[in-house]
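Notes for the one structure printed next.
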Amino acid sequence: GRQQQRGGVQQVRCEVKISSNDQFLVAVGSVSLAVLMVNRLMTGELAAAQSRVDLLGVAVSSVMLLTVFARADIQAREKESVRLAGVDQDEIDSSLPEASQQMLRFAAQTLIKVAASTKSVAVVHRGKTMARQGIMGRAQQVELGPIVEKACSDKSQAYLADLQILPGRKEFTYLPINTQAVIIEPFGDSSALIIGADKVRAFTGLDLAMSPVIARLVQQTLES
């Protein structure tokens, strides 16, 4: 898509790309529908056989058009990325064995590197801050608020796709104040992997599927 740079923020326009073969199918399908419609309007009573042929033609033409549009490469407009107001951190609880520290760092950096919009990763285990990786906020400890506690008690992932519109955003003081989206992946009592992004609705289905896998790795590392 065409990209525009405006004040350090990248914007991408929405485009629909249709191949030449699909353009041909669109033309044939559209013309066929038009011809059938004109034929129906200009012809009086139709024999049952002719009516069935017309219906079949409408169905075939409609399928052709639907197939093209279902196959079209539609690039959804990307939301704006923002520069997060925070400081780069590389903190792992030093009381952990060296192998565990390395595994936590690996888990957090995997999330940051695989998902382009992931900028912040925090790990809290039984209420204790175990890791702060990436761009973090002013609070040096992860204080669990109602949103994270509820995710932990429900034992289910919480995805806050547009954090800034939620009153509860104030509990995430350990993340940059302008964090745009958050995944909370619980893995035990008062234990969670918290992932922050620099863009609204930043996380894909793959990101949402990967976070519980990483959370299980973190849990095994901390509880082994």
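If you're wondering about the labels, chains in the structure tokens are A, B, ... by order shown, residues count from 1 in each chain, ligands from 1 in order shown.
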
How close does each residue of stretch 77-139 of chain A get to stretch 162-182 of chain A, giving the shortest atom pair and distance in Å to one decimal for every residue with an atom at most 9 Å away, counting only C-alpha atoms, sorted by chain and residue number, as CSV?
residue,atom,partner,partner_atom,distance
A:Ser81,CA,A:Gln180,CA,8.5
A:Val82,CA,A:Asn178,CA,8.0
A:Arg83,CA,A:Asn178,CA,8.3
A:Leu84,CA,A:Pro176,CA,6.0
A:Ala85,CA,A:Pro176,CA,5.3
A:Gly86,CA,A:Pro176,CA,5.0
A:Val87,CA,A:Pro176,CA,8.2
A:Lys119,CA,A:Thr179,CA,8.9
A:Ser120,CA,A:Leu175,CA,7.0
A:Val121,CA,A:Leu175,CA,8.6
A:Ala122,CA,A:Tyr174,CA,8.3
A:Arg132,CA,A:Tyr174,CA,8.8
A:Ile135,CA,A:Pro176,CA,7.0
A:Met136,CA,A:Leu175,CA,4.8
A:Gly137,CA,A:Pro176,CA,4.1
A:Arg138,CA,A:Tyr174,CA,5.9
A:Ala139,CA,A:Tyr174,CA,4.5

Contact residues around A:Ser94 with only C-alpha atoms at 12 Å, ignoring same-chain residues under 4 positions, as a PyMOL selection string: chain A and resi 90+98-102+104-105+129-131

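Atom CA of A:Leu222 to atom CA of A:Gly205 spans 26.5 Å [interatomic distance, one decimal].
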
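Taking atom CA of A:Thr110 and atom CA of A:Lys155 as the two end points, the separation is 22.9 Å.
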
So which residues touch A:Asp207 within 10 Å, counting only C-alpha atoms, skipping near sequence neighbours fewer than 5 positions away, as a PDB file with N, CA and C atoms, in the first residue's frame?
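Output below, filename out.pdb:
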ATOM      1  N   LEU A 111       9.053 -12.910  21.839  1.00  0.00           N
ATOM      2  CA  LEU A 111       7.808 -12.164  21.613  1.00  0.00           C
ATOM      3  C   LEU A 111       8.086 -10.827  20.935  1.00  0.00           C
ATOM      4  N   VAL A 114       9.329 -11.536  17.172  1.00  0.00           N
ATOM      5  CA  VAL A 114       8.393 -12.181  16.249  1.00  0.00           C
ATOM      6  C   VAL A 114       7.234 -11.255  15.895  1.00  0.00           C
ATOM      7  N   ALA A 115       6.688 -10.569  16.881  1.00  0.00           N
ATOM      8  CA  ALA A 115       5.569  -9.649  16.632  1.00  0.00           C
ATOM      9  C   ALA A 115       6.117  -8.230  16.530  1.00  0.00           C
ATOM     10  N   THR A 118       5.096  -5.631  19.142  1.00  0.00           N
ATOM     11  CA  THR A 118       5.359  -5.897  20.556  1.00  0.00           C
ATOM     12  C   THR A 118       6.606  -5.131  20.991  1.00  0.00           C
ATOM     13  N   ILE A 183      -1.786  -7.795  25.780  1.00  0.00           N
ATOM     14  CA  ILE A 183      -2.218  -9.171  26.010  1.00  0.00           C
ATOM     15  C   ILE A 183      -1.830  -9.536  27.438  1.00  0.00           C
ATOM     16  N   ALA A 202      -2.994  -4.463  17.498  1.00  0.00           N
ATOM     17  CA  ALA A 202      -1.718  -4.837  16.882  1.00  0.00           C
ATOM     18  C   ALA A 202      -1.550  -6.339  16.732  1.00  0.00           C
ATOM     19  N   PRO A 212       0.170 -18.029  24.867  1.00  0.00           N
ATOM     20  CA  PRO A 212       0.040 -19.086  25.881  1.00  0.00           C
ATOM     21  C   PRO A 212       1.169 -20.115  25.832  1.00  0.00           C
TER      22      PRO A 212
END

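Interatomic distance, atom CA of A:Cys152 against atom CA of A:Ile194: 11.4 Å.
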
Polymer residues at most 9 Å from A:Arg126, only C-alpha atoms, same-chain spacing of 3 or more positions, as a VMD selection string: chain A and resid 129 188 to 192

Where in stretch 112-217 of chain A does DSSP assign strand (DSSP E or B), given as a PyMOL selection string? chain A and resi 118-125+128-136+158-160+181-188+191-197+199

Give me a file of those residues, with N, CA, C and O atoms, as a compact mmCIF listing (two decimals), in the first residue's frame.
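Result file result_28.txt:
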# COMPACT_ATOMS: atom_id res chain seq x y z
N THR A 118 5.10 -5.63 19.14
CA THR A 118 5.36 -5.90 20.56
C THR A 118 6.61 -5.13 20.99
O THR A 118 7.68 -5.28 20.41
N LYS A 119 6.44 -4.31 22.00
CA LYS A 119 7.55 -3.48 22.47
C LYS A 119 7.87 -3.69 23.95
O LYS A 119 8.96 -3.33 24.40
N SER A 120 6.92 -4.27 24.70
CA SER A 120 7.10 -4.40 26.15
C SER A 120 6.66 -5.78 26.60
O SER A 120 5.61 -6.27 26.17
N VAL A 121 7.47 -6.40 27.47
CA VAL A 121 7.11 -7.70 28.05
C VAL A 121 7.44 -7.67 29.53
O VAL A 121 8.58 -7.37 29.92
N ALA A 122 6.45 -8.00 30.35
CA ALA A 122 6.67 -8.10 31.79
C ALA A 122 6.21 -9.48 32.25
O ALA A 122 5.24 -10.02 31.74
N VAL A 123 6.94 -10.03 33.21
CA VAL A 123 6.58 -11.32 33.80
C VAL A 123 6.44 -11.14 35.30
O VAL A 123 7.36 -10.63 35.96
N VAL A 124 5.30 -11.53 35.82
CA VAL A 124 5.08 -11.52 37.26
C VAL A 124 4.68 -12.91 37.69
O VAL A 124 3.88 -13.58 37.04
N HIS A 125 5.30 -13.38 38.79
CA HIS A 125 5.06 -14.75 39.27
C HIS A 125 4.71 -14.69 40.76
O HIS A 125 5.53 -14.27 41.57
N LYS A 128 5.32 -11.40 42.30
CA LYS A 128 6.68 -10.84 42.26
C LYS A 128 7.12 -10.59 40.83
O LYS A 128 6.93 -11.43 39.95
N THR A 129 7.71 -9.44 40.59
CA THR A 129 8.20 -9.10 39.26
C THR A 129 9.45 -9.91 38.96
O THR A 129 10.45 -9.86 39.68
N MET A 130 9.38 -10.67 37.85
CA MET A 130 10.49 -11.54 37.48
C MET A 130 11.26 -11.04 36.27
O MET A 130 12.45 -11.34 36.12
N ALA A 131 10.60 -10.28 35.40
CA ALA A 131 11.28 -9.79 34.20
C ALA A 131 10.60 -8.54 33.68
O ALA A 131 9.37 -8.42 33.73
N ARG A 132 11.42 -7.61 33.18
CA ARG A 132 10.95 -6.42 32.48
C ARG A 132 11.84 -6.27 31.26
O ARG A 132 13.03 -5.98 31.38
N GLN A 133 11.27 -6.46 30.09
CA GLN A 133 12.04 -6.47 28.85
C GLN A 133 11.39 -5.53 27.83
O GLN A 133 10.17 -5.48 27.70
N GLY A 134 12.25 -4.81 27.11
CA GLY A 134 11.74 -3.88 26.10
C GLY A 134 11.49 -2.51 26.70
O GLY A 134 12.11 -2.12 27.70
N ILE A 135 10.59 -1.77 26.10
CA ILE A 135 10.28 -0.40 26.56
C ILE A 135 9.27 -0.49 27.71
O ILE A 135 8.16 -0.97 27.53
N MET A 136 9.67 -0.01 28.87
CA MET A 136 8.83 -0.12 30.06
C MET A 136 8.49 1.26 30.62
O MET A 136 9.11 2.26 30.27
N ALA A 158 -6.60 -12.39 28.30
CA ALA A 158 -7.32 -11.14 28.10
C ALA A 158 -6.58 -10.32 27.06
O ALA A 158 -5.37 -10.12 27.16
N TYR A 159 -7.32 -9.84 26.05
CA TYR A 159 -6.73 -9.03 25.00
C TYR A 159 -7.40 -7.66 25.02
O TYR A 159 -8.59 -7.54 24.71
N LEU A 160 -6.65 -6.66 25.39
CA LEU A 160 -7.14 -5.27 25.40
C LEU A 160 -6.65 -4.63 24.11
O LEU A 160 -5.54 -4.12 24.03
N ALA A 181 -2.00 -1.45 23.01
CA ALA A 181 -2.72 -2.71 23.13
C ALA A 181 -1.95 -3.63 24.07
O ALA A 181 -0.72 -3.53 24.17
N VAL A 182 -2.68 -4.52 24.75
CA VAL A 182 -2.05 -5.40 25.74
C VAL A 182 -2.65 -6.79 25.67
O VAL A 182 -3.87 -6.95 25.50
N ILE A 183 -1.79 -7.79 25.78
CA ILE A 183 -2.22 -9.17 26.01
C ILE A 183 -1.83 -9.54 27.44
O ILE A 183 -0.69 -9.30 27.85
N ILE A 184 -2.78 -10.09 28.17
CA ILE A 184 -2.50 -10.63 29.51
C ILE A 184 -2.66 -12.14 29.41
O ILE A 184 -3.75 -12.64 29.13
N GLU A 185 -1.57 -12.85 29.62
CA GLU A 185 -1.57 -14.32 29.51
C GLU A 185 -1.27 -14.91 30.89
O GLU A 185 -0.10 -15.00 31.30
N PRO A 186 -2.30 -15.29 31.65
CA PRO A 186 -2.06 -15.82 33.00
C PRO A 186 -1.50 -17.24 32.96
O PRO A 186 -1.77 -18.01 32.04
N PHE A 187 -0.69 -17.57 33.99
CA PHE A 187 -0.19 -18.94 34.07
C PHE A 187 -0.14 -19.43 35.52
O PHE A 187 0.65 -20.30 35.88
N GLY A 188 -1.02 -18.87 36.35
CA GLY A 188 -1.09 -19.30 37.75
C GLY A 188 -1.64 -18.19 38.61
O GLY A 188 -2.02 -17.12 38.13
N SER A 191 0.04 -14.71 38.62
CA SER A 191 1.17 -14.93 37.71
C SER A 191 0.71 -14.68 36.28
O SER A 191 -0.32 -15.23 35.85
N ALA A 192 1.45 -13.87 35.56
CA ALA A 192 1.03 -13.55 34.20
C ALA A 192 2.19 -13.05 33.35
O ALA A 192 3.16 -12.49 33.87
N LEU A 193 2.03 -13.28 32.08
CA LEU A 193 2.89 -12.69 31.05
C LEU A 193 2.10 -11.52 30.48
O LEU A 193 0.96 -11.69 30.04
N ILE A 194 2.68 -10.32 30.52
CA ILE A 194 1.97 -9.12 30.08
C ILE A 194 2.74 -8.50 28.92
O ILE A 194 3.93 -8.17 29.05
N ILE A 195 2.05 -8.36 27.79
CA ILE A 195 2.71 -7.97 26.54
C ILE A 195 2.08 -6.67 26.04
O ILE A 195 0.86 -6.58 25.87
N GLY A 196 2.91 -5.67 25.79
CA GLY A 196 2.40 -4.38 25.32
C GLY A 196 2.84 -4.08 23.90
O GLY A 196 3.93 -4.48 23.47
N ALA A 197 1.98 -3.36 23.17
CA ALA A 197 2.25 -3.02 21.77
C ALA A 197 2.11 -1.53 21.54
O ALA A 197 1.48 -0.81 22.31
N LYS A 199 0.63 -0.19 18.87
CA LYS A 199 -0.40 0.06 17.87
C LYS A 199 -1.72 -0.56 18.32
O LYS A 199 -1.74 -1.65 18.89

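Among A:Gln89, A:Leu96, A:Gly127, A:Ile112, the residue with the shortest atom-to-atom distance to A:Asp198, counting only C-alpha atoms, is A:Ile112.
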
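Using only C-alpha atoms, the shortest contact distance between A:Glu91 and any of A:Ser153, A:Gln140, A:Gln219, A:Thr204 is found at A:Gln140.
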
For A:Gln220, which of A:Met103, A:Val200, A:Ala108, A:Ala151 is the closest residue, counting only C-alpha atoms? A:Met103
